[in-house]
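A.B. asks: Please read through the structure below; I'll follow up with questions.
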Amino acid sequence: MEVTSTEYKRCDVVKAAGRVDSSTAPRLEEALNSIVEAGRYKIVFDMSDINFMSSKGWWVLIDAQKKCKRYKRGEVILVNVQDNIRESLDLVGMGSYFKIFNDLTAAVGSF
Amino acid sequence: MLIGVVYRMETVSFPGRFESLPRVGAFISQAAKSAGLSDKAVYAVQLAVDEACSNIIDHAYGGEDRGVMLCSVIVDAKGLTVILRDRGMPFNPQEIPDPQVDVPLEKLKPRGVGVFLMRKMVDEVRYEYSPEGGNVLTLIKRRES
């Protein structure tokens, strides 16, 4: 799984492709942690090219969301979540912890 | 129109490590497609098996590279049955309580989410343990009529 991060003025955009499971979730975690550790807490996660996400992946995102939302200093926003992934997120009731956009520009612009 | 029932049974042994998960996923997804499951159901069963295998590695074996995961698929007229066997410690996912998700973000805890997802994604879950056979977890996904 490839993970890339791009720093913009308003926020950081993280993009990954392929499967996020127990073997690849640590790479996503590392990418998100390095942004948070640099003191930036506004993150857009572009999920356009992610076709599978297990609960390990969600926990990485929930952890990042906890860190970013602390002291109301920022937030993790999701973009282009594929239907199957979205349904599993909503099924466990974790969908309500994230804002989800269908358009990257709109997501970046929301900060 | 008469449609003949296709039966298929196949067992593959995967090393008990997280790197095996994409190969397990491909194996399950191919079997689910050959069972005539919808795209949504193919994803669901793949997710259920991924969660089950992660739990085998984490809980039954207590870490990576301690044993294998034997994965059998059975395609019949009703749909797909997946049987997962391991020789780790007894781990009954049915004893894991549902996670609490109607709580504020700070209070959210990961325990039980994988098992909960697994249960929700398939139609039936069965678990057996014996000292001779180890953990045997059966997941059934029926074809929508």
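Letters A, B, ... mark the chains of the structure tokens in the order given; residue numbers begin at 1 per chain; ligand numbers begin at 1, in order shown.
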Using only C-alpha atoms and a cut-off of 9 Å, which residues of chain A sit close to chain B? Please list them as a PDB file with C-alpha atoms, in the first residue's frame.
C.D. replies:
ATOM      1  CA  ARG A  19      -5.969  -2.413   1.001  1.00  0.00           C
ATOM      2  CA  ASP A  21      -5.653  -4.175   6.777  1.00  0.00           C
ATOM      3  CA  SER A  22      -3.652  -5.355   9.792  1.00  0.00           C
ATOM      4  CA  SER A  23      -0.490  -5.556   7.690  1.00  0.00           C
ATOM      5  CA  THR A  24      -0.724  -2.123   6.017  1.00  0.00           C
ATOM      6  CA  PHE A  52     -10.687  -2.432   1.290  1.00  0.00           C
ATOM      7  CA  MET A  53     -10.514  -1.306   4.912  1.00  0.00           C
ATOM      8  CA  SER A  54     -10.666  -3.531   7.989  1.00  0.00           C
ATOM      9  CA  SER A  55     -11.285  -2.464  11.587  1.00  0.00           C
ATOM     10  CA  LYS A  56      -7.523  -1.960  12.093  1.00  0.00           C
ATOM     11  CA  TRP A  59      -8.787   2.406  14.504  1.00  0.00           C
ATOM     12  CA  ILE A  62     -10.160   7.063  15.056  1.00  0.00           C
ATOM     13  CA  GLN A  65      -9.232  11.891  14.935  1.00  0.00           C
ATOM     14  CA  LYS A  66      -8.895  11.868  18.745  1.00  0.00           C
ATOM     15  CA  ARG A  70      -8.221  17.574  21.069  1.00  0.00           C
ATOM     16  CA  ASP A  83     -19.742   2.393  -0.844  1.00  0.00           C
ATOM     17  CA  ASN A  84     -18.732  -0.991   0.611  1.00  0.00           C
ATOM     18  CA  ILE A  85     -16.295   0.655   3.011  1.00  0.00           C
ATOM     19  CA  SER A  88     -19.202  -1.221   7.027  1.00  0.00           C
ATOM     20  CA  LEU A  91     -22.801  -0.555  10.344  1.00  0.00           C
ATOM     21  CA  VAL A  92     -20.515  -0.433  13.373  1.00  0.00           C
ATOM     22  CA  GLY A  93     -21.768   3.078  14.085  1.00  0.00           C
ATOM     23  CA  MET A  94     -18.405   4.776  13.554  1.00  0.00           C
ATOM     24  CA  TYR A  97     -17.191  10.412  14.008  1.00  0.00           C
TER      25      TYR A  97
END
A.B. asks: For the atom pair atom CA of A:Asn51 and atom CA of A:Ala16, what is the interatomic distance in Å to one decimal place?
C.D. replies: 10.1 Å
A.B. asks: For B:Glu144, please output as a list of chain:residue names all residues within 10 Å (counting only C-alpha atoms; exclusion window: fewer than 6 positions along the same chain).
C.D. replies: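 Skipping anything fewer than 6 positions along the chain leaves B:Gly36, B:Leu37, B:Ser38, B:Ala41, B:Lys78, B:Gly79.
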A.B. asks: Which neighbours of B:Val12 fall inside 9 Å, counting only C-alpha atoms, when residues of the same chain fewer than 6 positions from it are skipped, and could you give them as a CSV table (one decimal) with N, CA and C atoms, in the first residue's frame?
C.D. replies:
chain,number,residue,atom,x,y,z
B,24,VAL,N,-5.3,-14.2,1.4
B,24,VAL,CA,-6.5,-14.8,2.0
B,24,VAL,C,-7.7,-14.1,1.3
B,27,PHE,N,-8.3,-15.1,-2.3
B,27,PHE,CA,-8.8,-16.5,-2.3
B,27,PHE,C,-10.3,-16.5,-2.0
B,69,MET,N,-2.9,-20.8,9.3
B,69,MET,CA,-4.3,-20.7,9.2
B,69,MET,C,-4.8,-21.5,8.1
B,70,LEU,N,-5.6,-22.5,8.3
B,70,LEU,CA,-6.2,-23.3,7.3
B,70,LEU,C,-7.5,-22.8,6.9
B,71,CYS,N,-7.6,-22.5,5.6
B,71,CYS,CA,-8.8,-21.8,5.1
B,71,CYS,C,-9.5,-22.7,4.1
B,72,SER,N,-10.7,-23.1,4.4
B,72,SER,CA,-11.5,-23.9,3.4
B,72,SER,C,-12.7,-23.2,2.9
B,73,VAL,N,-12.9,-23.3,1.6
B,73,VAL,CA,-14.1,-22.7,1.1
B,73,VAL,C,-15.0,-23.8,0.5
A.B. asks: Out of B:Ala77, B:Val68, B:Ile83, B:Val122, which residue has the shortest atom-to-atom distance to B:Val136 when counting only C-alpha atoms?
C.D. replies: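 Selected residue with least distance to B:Val136: B:Ile83.
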A.B. asks: With only C-alpha atoms as the basis for distance, which of A:Val81, A:Leu61, A:Val44, A:Met1 is at the shortest distance from A:Ala106?
C.D. replies: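 Going through A:Val81, A:Leu61, A:Val44, A:Met1 one by one, the smallest distance to A:Ala106 is for A:Val44.
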A.B. asks: Just to confirm, what's the straight-line distance from atom CA of B:Arg143 to atom CA of B:Pro15 in Å (one decimal)?
C.D. replies: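 Atom-to-atom, atom CA of B:Arg143 to atom CA of B:Pro15, that is 29.5 Å.
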A.B. asks: Which parts of chain B does DSSP call strand (DSSP E) when run on the backbone here, written out as a PyMOL selection string?
C.D. replies: chain B and resi 8-15+68-76+79-86+124-130+134-142
A.B. asks: Generate the output file for the selected residues, N, CA and C atoms, as a compact mmCIF listing (two decimals), in the first residue's frame.
C.D. replies:
# COMPACT_ATOMS: atom_id res chain seq x y z
N ARG B 8 -17.91 -26.90 -5.07
CA ARG B 8 -16.49 -26.70 -5.09
C ARG B 8 -16.00 -26.69 -3.65
N MET B 9 -14.91 -27.36 -3.39
CA MET B 9 -14.32 -27.32 -2.06
C MET B 9 -12.82 -27.24 -2.21
N GLU B 10 -12.24 -26.30 -1.50
CA GLU B 10 -10.81 -26.10 -1.64
C GLU B 10 -10.26 -25.63 -0.29
N THR B 11 -9.08 -26.12 0.06
CA THR B 11 -8.45 -25.69 1.31
C THR B 11 -7.04 -25.19 1.01
N VAL B 12 -6.73 -24.03 1.57
CA VAL B 12 -5.39 -23.47 1.40
C VAL B 12 -4.84 -23.15 2.79
N SER B 13 -3.55 -23.42 2.97
CA SER B 13 -2.91 -23.10 4.24
C SER B 13 -2.11 -21.80 4.09
N PHE B 14 -2.37 -20.85 4.97
CA PHE B 14 -1.65 -19.56 4.91
C PHE B 14 -0.80 -19.40 6.17
N PRO B 15 0.41 -18.86 6.03
CA PRO B 15 1.21 -18.58 7.23
C PRO B 15 0.47 -17.59 8.14
N VAL B 68 -0.10 -21.87 11.40
CA VAL B 68 -0.79 -21.59 10.13
C VAL B 68 -2.29 -21.40 10.32
N MET B 69 -2.89 -20.81 9.29
CA MET B 69 -4.34 -20.66 9.25
C MET B 69 -4.81 -21.50 8.06
N LEU B 70 -5.63 -22.49 8.35
CA LEU B 70 -6.16 -23.35 7.28
C LEU B 70 -7.50 -22.78 6.86
N CYS B 71 -7.60 -22.47 5.60
CA CYS B 71 -8.80 -21.80 5.13
C CYS B 71 -9.50 -22.66 4.07
N SER B 72 -10.73 -23.12 4.37
CA SER B 72 -11.47 -23.93 3.41
C SER B 72 -12.69 -23.16 2.91
N VAL B 73 -12.94 -23.28 1.62
CA VAL B 73 -14.14 -22.68 1.05
C VAL B 73 -15.01 -23.79 0.46
N ILE B 74 -16.30 -23.69 0.72
CA ILE B 74 -17.25 -24.65 0.15
C ILE B 74 -18.34 -23.86 -0.56
N VAL B 75 -18.46 -24.11 -1.85
CA VAL B 75 -19.50 -23.45 -2.63
C VAL B 75 -20.61 -24.46 -2.87
N ASP B 76 -21.83 -24.11 -2.47
CA ASP B 76 -22.94 -25.01 -2.78
C ASP B 76 -24.13 -24.21 -3.28
N GLY B 79 -24.82 -20.93 -1.25
CA GLY B 79 -23.87 -19.81 -1.19
C GLY B 79 -22.48 -20.28 -0.84
N LEU B 80 -21.83 -19.52 0.07
CA LEU B 80 -20.45 -19.83 0.40
C LEU B 80 -20.28 -20.11 1.90
N THR B 81 -19.54 -21.16 2.20
CA THR B 81 -19.17 -21.45 3.58
C THR B 81 -17.66 -21.37 3.67
N VAL B 82 -17.17 -20.65 4.67
CA VAL B 82 -15.72 -20.54 4.88
C VAL B 82 -15.42 -21.17 6.24
N ILE B 83 -14.46 -22.08 6.27
CA ILE B 83 -14.07 -22.69 7.55
C ILE B 83 -12.61 -22.33 7.82
N LEU B 84 -12.37 -21.72 8.97
CA LEU B 84 -11.00 -21.32 9.34
C LEU B 84 -10.55 -22.17 10.52
N ARG B 85 -9.38 -22.79 10.38
CA ARG B 85 -8.86 -23.63 11.47
C ARG B 85 -7.49 -23.14 11.87
N ASP B 86 -7.24 -23.14 13.19
CA ASP B 86 -5.89 -22.83 13.66
C ASP B 86 -5.59 -23.69 14.87
N GLU B 124 -24.23 -16.39 9.17
CA GLU B 124 -24.13 -17.34 10.28
C GLU B 124 -22.68 -17.50 10.71
N VAL B 125 -22.45 -17.58 12.02
CA VAL B 125 -21.12 -17.82 12.56
C VAL B 125 -21.21 -18.99 13.53
N ARG B 126 -20.33 -19.98 13.35
CA ARG B 126 -20.29 -21.11 14.30
C ARG B 126 -18.87 -21.27 14.79
N TYR B 127 -18.73 -21.68 16.05
CA TYR B 127 -17.39 -21.85 16.61
C TYR B 127 -17.32 -23.15 17.38
N GLU B 128 -16.22 -23.86 17.17
CA GLU B 128 -15.97 -25.07 17.96
C GLU B 128 -14.50 -25.11 18.36
N TYR B 129 -14.23 -25.71 19.50
CA TYR B 129 -12.83 -25.92 19.88
C TYR B 129 -12.68 -27.33 20.42
N SER B 130 -11.62 -28.00 20.01
CA SER B 130 -11.26 -29.25 20.67
C SER B 130 -9.74 -29.30 20.75
N GLY B 134 -8.19 -27.96 17.53
CA GLY B 134 -7.95 -26.53 17.69
C GLY B 134 -9.22 -25.71 17.47
N ASN B 135 -9.04 -24.45 17.09
CA ASN B 135 -10.19 -23.57 16.84
C ASN B 135 -10.74 -23.84 15.44
N VAL B 136 -12.05 -23.98 15.36
CA VAL B 136 -12.71 -24.13 14.06
C VAL B 136 -13.83 -23.08 13.99
N LEU B 137 -13.66 -22.14 13.09
CA LEU B 137 -14.65 -21.06 12.94
C LEU B 137 -15.29 -21.19 11.57
N THR B 138 -16.62 -21.25 11.55
CA THR B 138 -17.34 -21.40 10.28
C THR B 138 -18.16 -20.15 10.01
N LEU B 139 -17.98 -19.57 8.85
CA LEU B 139 -18.73 -18.38 8.44
C LEU B 139 -19.56 -18.73 7.20
N ILE B 140 -20.84 -18.42 7.24
CA ILE B 140 -21.70 -18.76 6.10
C ILE B 140 -22.33 -17.49 5.50
N LYS B 141 -22.18 -17.37 4.18
CA LYS B 141 -22.81 -16.25 3.48
C LYS B 141 -23.74 -16.84 2.43
N ARG B 142 -25.04 -16.57 2.57
CA ARG B 142 -26.00 -17.14 1.62
C ARG B 142 -26.20 -16.24 0.41
A.B. asks: From a backbone DSSP assignment, name each residue in stretch 19-83 of chain A labelled helix (DSSP H, G or I), as a PyMOL selection string.
C.D. replies: chain A and resi 25-37+55-72+83
A.B. asks: Report, in Å with one decimal, the straight-line distance from atom CA of A:Ser34 to atom CA of A:Asp49.
C.D. replies: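 These atoms are spaced 21.6 Å apart.
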A.B. asks: What's around A:Ala25 at 8 Å? Count only C-alpha atoms, leave out sequence neighbours fewer than 5 positions away in its own chain, and write the answer as a list in words.
C.D. replies: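 Answer for this query is Val20, Lys56, Gly57 and Val60 of chain A.
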A.B. asks: For the residues in the current selection, export N, CA and C atoms as a JSON list (two decimals), in the first residue's frame.
C.D. replies:
[["chain", "number", "residue", "atom", "x", "y", "z"],
["A", 20, "VAL", "N", -6.29, -1.44, 3.19],
["A", 20, "VAL", "CA", -5.82, -1.09, 4.53],
["A", 20, "VAL", "C", -6.29, -2.23, 5.46],
["A", 56, "LYS", "N", -8.83, -2.52, 11.71],
["A", 56, "LYS", "CA", -7.52, -1.96, 12.09],
["A", 56, "LYS", "C", -7.33, -0.58, 11.46],
["A", 57, "GLY", "N", -7.76, -0.47, 10.20],
["A", 57, "GLY", "CA", -7.67, 0.81, 9.49],
["A", 57, "GLY", "C", -8.53, 1.87, 10.15],
["A", 60, "VAL", "N", -6.90, 3.25, 13.28],
["A", 60, "VAL", "CA", -5.85, 4.23, 12.99],
["A", 60, "VAL", "C", -6.49, 5.60, 12.77]]
A.B. asks: Hey, what's within 12 Å of A:Tyr8 if we count only C-alpha atoms and toss same-chain stuff fewer than 2 positions away? As a list in words, please?
C.D. replies: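 Close residues of A:Tyr8: Ser5, Thr6, Arg10, Cys11, Asp12, Val13, Val14, Ile35, Arg40, Lys42, Ile43, Val44, Thr105, Val108, Gly109 and Phe111 of chain A.
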A.B. asks: Restrict the selected residues to C-alpha atoms and save them as a PDB file, in the first residue's frame.
C.D. replies:
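Final output, saved to result-v9.pdb:
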ATOM      1  CA  SER A   5       1.220  13.108   2.201  1.00  0.00           C
ATOM      2  CA  THR A   6       1.138  16.604   0.762  1.00  0.00           C
ATOM      3  CA  ARG A  10      -4.874  25.061   4.931  1.00  0.00           C
ATOM      4  CA  CYS A  11      -4.308  21.396   5.660  1.00  0.00           C
ATOM      5  CA  ASP A  12      -2.410  18.191   4.865  1.00  0.00           C
ATOM      6  CA  VAL A  13      -3.778  15.755   2.305  1.00  0.00           C
ATOM      7  CA  VAL A  14      -2.990  12.067   2.831  1.00  0.00           C
ATOM      8  CA  ILE A  35       1.759  15.100  10.512  1.00  0.00           C
ATOM      9  CA  ARG A  40      -0.507  20.062  12.136  1.00  0.00           C
ATOM     10  CA  LYS A  42      -6.088  19.545   9.877  1.00  0.00           C
ATOM     11  CA  ILE A  43      -5.972  16.439   7.729  1.00  0.00           C
ATOM     12  CA  VAL A  44      -7.897  15.363   4.651  1.00  0.00           C
ATOM     13  CA  THR A 105     -11.477  20.528  -3.280  1.00  0.00           C
ATOM     14  CA  VAL A 108      -9.771  21.075   1.623  1.00  0.00           C
ATOM     15  CA  GLY A 109     -11.910  24.205   1.361  1.00  0.00           C
ATOM     16  CA  PHE A 111     -10.915  24.093   6.685  1.00  0.00           C
TER      17      PHE A 111
END
